[in-house]
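Have a look at the structure below, then the notes.
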Amino acid sequence: MAKGPYQEVVYTDFSGGLATRKEDNKINDNQSPDLRNITFDGAGSFMPRHGNEALGTSTSSVGGISSTWVAANTREQIPIRQYDQYLEYYNPQTTAWENLDAGFTTNMNFGHCFYNEYTYWSNPADYQRRWNAVVWSVSAAIGVGHTSCALSVSAASALGFLSAGSLVVDGEEVYYSAISGKTFTTEAFSAAHAANCAIAQLPTSAGEVPAPDGGWVSASSAIPRGSMMYEMDAQIFVTGASGVSGNIVYYSVVDEPTNYTISATPGGGGAARYPESIGAITALNSFDEVLTVFKENTIRQLTFNELADGTSGSLEIVSRNEIITAPKIGSINNKGLAKVENDLMYVTPSGWNKSLAVTLEGRKSLESSIEIRPTVEDYKMTSAASIYFDGKFYLACAESDATINNIVLVWDYDYRAWTKFIGWNVGDWFIYNNGLYFGASNEIRTYKVLQNFDDNSYAYETFWKSKQLDFGFSTEQKRLDQIYIEGYLTTNTTIGVSTYFDGKDAPIAKSIVGTGDYVFTEEQAQVIGGQIWGEGIYGGFGRSGTAFTLSKFRWWGKYSNQNFYNFQIKIGTASPGFVYKITHIAPYVAKVPGKRVPIASIT
């Protein structure tokens with residue numbers, strides 16, 4: 001709508017996401033050259049990302065979480081986290097992180113996988129261990145010298161505890177010889193423990209044979225170790241060992257996850273060597289129903305073919321077919337790789353984010369980070385950690401001058417667009433009870449994300465910045481009368497609106513206040529505290545979380561016929577609990593007659 005000589009230019013789609021490959025004035029109208037902690041909904045509007053809340057306890061130890069994953073028993077999922085030389089598990093009964101195992105070599109990531117009700121893990125230096133993820137709490141206090149303890153349930157065997165073995169009780173390891181109902185007959189406790197403290201089956205190392213865990217009988221030297229483990233088709237694959245062994249993928253016998261005896265029999269164990277290019281294996285996962293092996297410069301497969309041996313028997317032929325080989329085409333690390341529906345997304349040694357996909361032309365590696373290539377090339381990806389959750393690919397990485405992961409880039413799989421989160425320092429991700437969590441890279445603590453609009457009660461800055469708006473006439477001087485902004489906000493929210501003219505650092509700053517007379521409380525909408533990008537924002541949609549009531553606002557910012565060649569609008573907040581949604585931005589602009597390139601610039 002025109003207003004006198006001024007023409008209204010309306011923008012209602014902001015879902016193009018972050019775009020840093022082109023100059024600010026050349027990106028699409030719905031893209032942004034700079035944003036922070038912003039998400040987009042199905043109508044193309046933008047609003048603050050959701051926050052996080054701590055899961056369980058932290059620890060006084062200094063450091064960060066390097067690996068996380070989730071095990072499962074017959075009743076529930078059990079998260080596990082690694083820091084330094086320790087492993088801890090989250091106990092749903094005590095709602096706290098508890099000691100599980102210790103004494104591992106420091107500064108090494110764990111490979112891990114799950115098979116047949118056991119979680120397995122290893123690293124390049126320490127032998128494999130496995131755990132049945134059986135945990136509970138004790139019913140009564142335990143004194144020094146006590147030789148028994150009882151669970152706060154009716155029968156220990158029903159929970160999955162072994163008939164004999166070892167326990168970790170409130171951090172102390174004890175052997176038990178028998179279970180009677182809910183009571184363990186143990187060796188003497190060396191420390192006192194309070195009632196309702198945590199108890200768990202102790203993980204078993206190679207060579208241990210606690211009944212009835214008799215399958216774990218292989219000598220420790222016969223079980224491979226490495227920083228990557230993957231279960232597929234009832235076999236466990238291990239790689240990421242040190243030295244020349246870093247080129248080898250070891251695989252177990254089918255249905256025998258502790259037996260790696262080399263055999264040419266179909267379904268037997270063995271090892272496949274990948275010496276084709278410089279460097280060790282960097283990642284391992286399945287793609288197109290085939291195990292896929294990454295190095296930095298190559299992507300290959302590992303398949304097994306059964307052939308007749310000519311004597312009524314059969315042999316297994318191992319194939320290592322090439323998918324792609326080219327400089328820096330492969331993966332920089334294993335944690336930065338994630339299954340994304342039918343594709344694999346991963347980070348290359350250049351920092352680019354690529355997806356391995358099946359197309360009409362065959363298998364291809366496609367770059368998803370092309371719109372933000374300068375950004376990812378500037379970030380450090382050596383400790384990158386990624387995960388796919390609820391239609392989004394989350395990639396944690398580090399700014400160039402940071403020593404820990406302090407950035408999360410988020411790719412919307414449907415929108416094909418990026419946003420950027422700051423404030424989540426992610427060492428590793430995991431999904432627990434259908435929620436997204438991370439272990440922190442800067443502290444020994446774990447968080448559930450996409451919760452409400454504060455980070456564990458702390459504020460975070462949010463903003464979206466427009467492209468350099470010159471309205472198609474970069475050489476002509478123009479005049480701005482006002483900017484109309486429409487959206488929703490909570491009555492306690494204040495939105496900052498900063499307008500930068502002709503690249504100047506000092507903006508004209510204004511505010512949209514939740515108590516202003518341009519806020520219409522009779523026009524309300526509900527926002528649920530759960531991720532919304534690409535899914536629509538209003539209504540419950542089966543999601544849980546706090547409901548936030550937003551009111552409609554229609555705001556006009558006056559700019560008194562401000563002259564400009566181009567300008568940018570920056571909209572955002574920096575306080576906890578501030579919630580808003582921007583749906584329309586409409587500058588009212590007119591040309592200045594006869595004003596084109598400044599005379600002083602003509603030579």
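Residue numbering restarts at 1 in every chain; chains get A, B, ... in the order shown in the structure tokens, and ligands count up from 1 in that same order.
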
For the strand (DSSP E) assignment from backbone DSSP, which residues of stretch 152-276 of chain A qualify? Please present them as a PyMOL selection string. chain A and resi 165-169+172-180+183-186+198-201+204-205+228-232+235-239+248-251+270-273

Which distance in Å separates atom CA of A:Ser242 and atom CA of A:Phe110, to one decimal?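 Taking atom CA of A:Ser242 as the start and atom CA of A:Phe110 as the end point, the length is 13.1 Å.
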
Using only C-alpha atoms: which of A:Thr59, A:Gln77, A:Asn28, A:Ser286 has the shortest distance to A:Asn434: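 Selected residue with least distance to A:Asn434: A:Gln77.
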
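Nearest residue to A:Ser139 among A:Pro124, A:Phe184, A:Ala272, A:Ala158 is A:Phe184, counting only C-alpha atoms.
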
Please report as JSON lines every residue of stretch 345-388 of chain A lying within 8 Å of stretch 400-411 of chain A, along with the nearest atom pair and their distance in Å (one decimal), using only C-alpha atoms.
{"residue": "A:Asp378", "atom": "CA", "partner": "A:Ser400", "partner_atom": "CA", "distance": 6.1}
{"residue": "A:Tyr379", "atom": "CA", "partner": "A:Ser400", "partner_atom": "CA", "distance": 5.1}
{"residue": "A:Lys380", "atom": "CA", "partner": "A:Ser400", "partner_atom": "CA", "distance": 5.7}
{"residue": "A:Ser383", "atom": "CA", "partner": "A:Asn405", "partner_atom": "CA", "distance": 7.2}
{"residue": "A:Ala384", "atom": "CA", "partner": "A:Asn405", "partner_atom": "CA", "distance": 7.3}

Store the residues picked out above in a file with N, CA and C atoms, as a PDB file, in the first residue's frame.
ATOM      1  N   ASP A 378      35.701 -21.271   8.357  1.00  0.00           N
ATOM      2  CA  ASP A 378      36.361 -20.509   9.416  1.00  0.00           C
ATOM      3  C   ASP A 378      36.257 -21.202  10.773  1.00  0.00           C
ATOM      4  N   TYR A 379      35.308 -22.143  10.930  1.00  0.00           N
ATOM      5  CA  TYR A 379      35.141 -22.839  12.202  1.00  0.00           C
ATOM      6  C   TYR A 379      36.064 -24.055  12.281  1.00  0.00           C
ATOM      7  N   LYS A 380      36.357 -24.483  13.508  1.00  0.00           N
ATOM      8  CA  LYS A 380      37.146 -25.696  13.734  1.00  0.00           C
ATOM      9  C   LYS A 380      36.206 -26.880  13.858  1.00  0.00           C
ATOM     10  N   SER A 383      36.612 -31.498  16.430  1.00  0.00           N
ATOM     11  CA  SER A 383      35.815 -32.151  17.468  1.00  0.00           C
ATOM     12  C   SER A 383      34.317 -32.032  17.179  1.00  0.00           C
ATOM     13  N   ALA A 384      33.976 -31.845  15.908  1.00  0.00           N
ATOM     14  CA  ALA A 384      32.577 -31.676  15.535  1.00  0.00           C
ATOM     15  C   ALA A 384      31.737 -32.857  16.014  1.00  0.00           C
TER      16      ALA A 384
END

Please, which residues of stretch 353-534 of chain A, numbered as in this document, come out helix (DSSP H, G or I) from DSSP, as a count of residues only? 9

A:Tyr580 proximity check over A:Gly472, A:Thr462, A:Tyr500, A:Ala188, using only C-alpha atoms: winner is A:Thr462

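Using only C-alpha atoms, the shortest contact distance between A:Gln451 and any of A:Lys581, A:Lys22, A:Arg81, A:Arg49 is found at A:Arg49.
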